[in-house]
>>> print(open('run-v5.cif').read())   # mmCIF, C-alpha atoms
data_work
loop_
_atom_site.group_PDB
_atom_site.id
_atom_site.type_symbol
_atom_site.label_atom_id
_atom_site.label_comp_id
_atom_site.auth_asym_id
_atom_site.auth_seq_id
_atom_site.Cartn_x
_atom_site.Cartn_y
_atom_site.Cartn_z
ATOM 1 C CA MET A 1 -17.581 -9.094 8.262
ATOM 2 C CA LYS A 2 -16.892 -8.278 4.646
ATOM 3 C CA GLU A 3 -14.552 -10.501 2.685
ATOM 4 C CA ILE A 4 -11.563 -9.226 0.764
ATOM 5 C CA GLU A 5 -12.305 -9.016 -2.924
ATOM 6 C CA ILE A 6 -10.326 -11.823 -4.530
ATOM 7 C CA SER A 7 -9.700 -9.700 -7.629
ATOM 8 C CA LYS A 8 -7.701 -7.226 -5.525
ATOM 9 C CA VAL A 9 -5.495 -9.982 -4.132
ATOM 10 C CA ILE A 10 -4.945 -11.411 -7.627
ATOM 11 C CA HIS A 11 -4.072 -7.923 -8.899
ATOM 12 C CA LEU A 12 -1.415 -7.571 -6.186
ATOM 13 C CA ALA A 13 0.021 -11.009 -6.976
ATOM 14 C CA GLU A 14 0.405 -10.449 -10.745
ATOM 15 C CA GLY A 15 3.986 -9.201 -10.827
ATOM 16 C CA ASN A 16 6.758 -7.616 -8.781
ATOM 17 C CA LYS A 17 5.778 -9.748 -5.804
ATOM 18 C CA TYR A 18 8.831 -8.844 -3.731
ATOM 19 C CA GLU A 19 8.303 -5.097 -4.174
ATOM 20 C CA LYS A 20 4.595 -5.355 -3.404
ATOM 21 C CA SER A 21 5.286 -7.468 -0.316
ATOM 22 C CA CYS A 22 7.787 -4.926 0.986
ATOM 23 C CA ALA A 23 5.398 -2.053 0.256
ATOM 24 C CA THR A 24 2.557 -3.852 2.042
ATOM 25 C CA PHE A 25 4.642 -4.621 5.138
ATOM 26 C CA ASP A 26 5.920 -1.038 5.282
ATOM 27 C CA LEU A 27 2.401 0.312 4.865
ATOM 28 C CA VAL A 28 1.095 -1.946 7.651
ATOM 29 C CA ASP A 29 3.771 -0.500 9.955
ATOM 30 C CA HIS A 30 2.720 3.079 9.116
ATOM 31 C CA ILE A 31 -1.000 2.611 8.447
ATOM 32 C CA TYR A 32 -1.952 5.010 11.238
ATOM 33 C CA LYS A 33 -0.475 7.911 9.193
ATOM 34 C CA VAL A 34 -2.726 7.316 6.168
ATOM 35 C CA ASP A 35 -6.026 9.088 5.519
ATOM 36 C CA MET A 36 -8.314 6.138 5.076
ATOM 37 C CA PRO A 37 -11.753 5.842 3.469
ATOM 38 C CA LYS A 38 -14.504 5.208 6.034
ATOM 39 C CA SER A 39 -15.231 1.806 4.536
ATOM 40 C CA LEU A 40 -11.754 0.554 5.530
ATOM 41 C CA ARG A 41 -11.389 2.016 9.011
ATOM 42 C CA GLY A 42 -12.781 -1.001 10.855
ATOM 43 C CA ARG A 43 -10.735 -3.549 8.914
ATOM 44 C CA LYS A 44 -7.484 -5.205 9.957
ATOM 45 C CA PRO A 45 -4.279 -3.307 9.028
ATOM 46 C CA ALA A 46 -3.166 -5.962 6.516
ATOM 47 C CA VAL A 47 -6.516 -5.779 4.712
ATOM 48 C CA GLN A 48 -6.351 -1.983 4.745
ATOM 49 C CA ALA A 49 -2.834 -2.025 3.264
ATOM 50 C CA MET A 50 -3.676 -4.516 0.510
ATOM 51 C CA THR A 51 -6.811 -2.605 -0.444
ATOM 52 C CA LEU A 52 -5.047 0.774 -0.518
ATOM 53 C CA LEU A 53 -2.295 -0.614 -2.746
ATOM 54 C CA ALA A 54 -4.675 -2.522 -5.034
ATOM 55 C CA GLU A 55 -6.928 0.500 -5.565
ATOM 56 C CA GLY A 56 -3.959 2.761 -6.240
ATOM 57 C CA ILE A 57 -4.700 5.069 -3.311
ATOM 58 C CA ILE A 58 -1.148 4.488 -2.082
ATOM 59 C CA LYS A 59 1.614 4.477 -4.690
ATOM 60 C CA TYR A 60 4.917 2.685 -4.295
ATOM 61 C CA GLY A 61 8.068 2.487 -6.337
ATOM 62 C CA TYR A 62 11.717 3.340 -6.476
ATOM 63 C CA GLU A 63 13.166 6.828 -6.221
ATOM 64 C CA ASP A 64 15.793 7.773 -8.748
ATOM 65 C CA SER A 65 18.809 9.792 -7.615
ATOM 66 C CA SER A 66 17.294 13.188 -8.510
ATOM 67 C CA GLU A 67 14.087 12.487 -6.566
ATOM 68 C CA LYS A 68 16.093 11.241 -3.606
ATOM 69 C CA SER A 69 18.313 14.327 -3.454
ATOM 70 C CA SER A 70 15.338 16.705 -3.755
ATOM 71 C CA SER A 71 13.456 14.934 -0.944
ATOM 72 C CA GLU A 72 16.545 15.042 1.295
ATOM 73 C CA GLU A 73 16.897 18.802 0.732
ATOM 74 C CA GLU A 74 13.338 19.413 1.943
#
>>> encode(input="run-v5.cif", output="structure tokens")
Amino acid sequence: MKEIEISKVIHLAEGNKYEKSCATFDLVDHIYKVDMPKSLRGRKPAVQAMTLLAEGIIKYGYEDSSEKSSSEEE
């Protein structure tokens, strides 16, 4: 079994810990909807989520009011 790269975990823990924690938990809940690289498919969902966030494959952030209204219209 491959180990998680410690540099990825450190990168996630650098700042905005609350936001990153929320994004990770939300991603774990919806991980089945994500197109995943083959190298991650056999890993645990938490490891998949942390890796996807650390590598920038999945983006997270806040929506401003204009983005929110445009996404609701669609």
>>> resolve_selection(input="run-v5.cif", expression="the PyMOL selection byres ((chain A and resi 50) around 8)", output="ChimeraX atom specification")
/A:8-9,12,24,46-49,51-54
>>> residues_around(input="run-v5.cif", residues="Val28 in chain A", least_positions_apart="2", cutoff="6 Å", atoms="all atoms listed in the file", output="PyMOL selection string")
chain A and resi 25-26+30-31+45-46+49
>>> atom_distance(input="run-v5.cif", atom1="CA of Glu19 in chain A", atom2="CA of Gly42 in chain A")
26.2 Å
>>> atom_distance(input="run-v5.cif", atom1="CA of Ser39 in chain A", atom2="CA of Lys20 in chain A")
22.5 Å
>>> atom_distance(input="run-v5.cif", atom1="CA of Tyr60 in chain A", atom2="CA of Lys17 in chain A")
12.6 Å
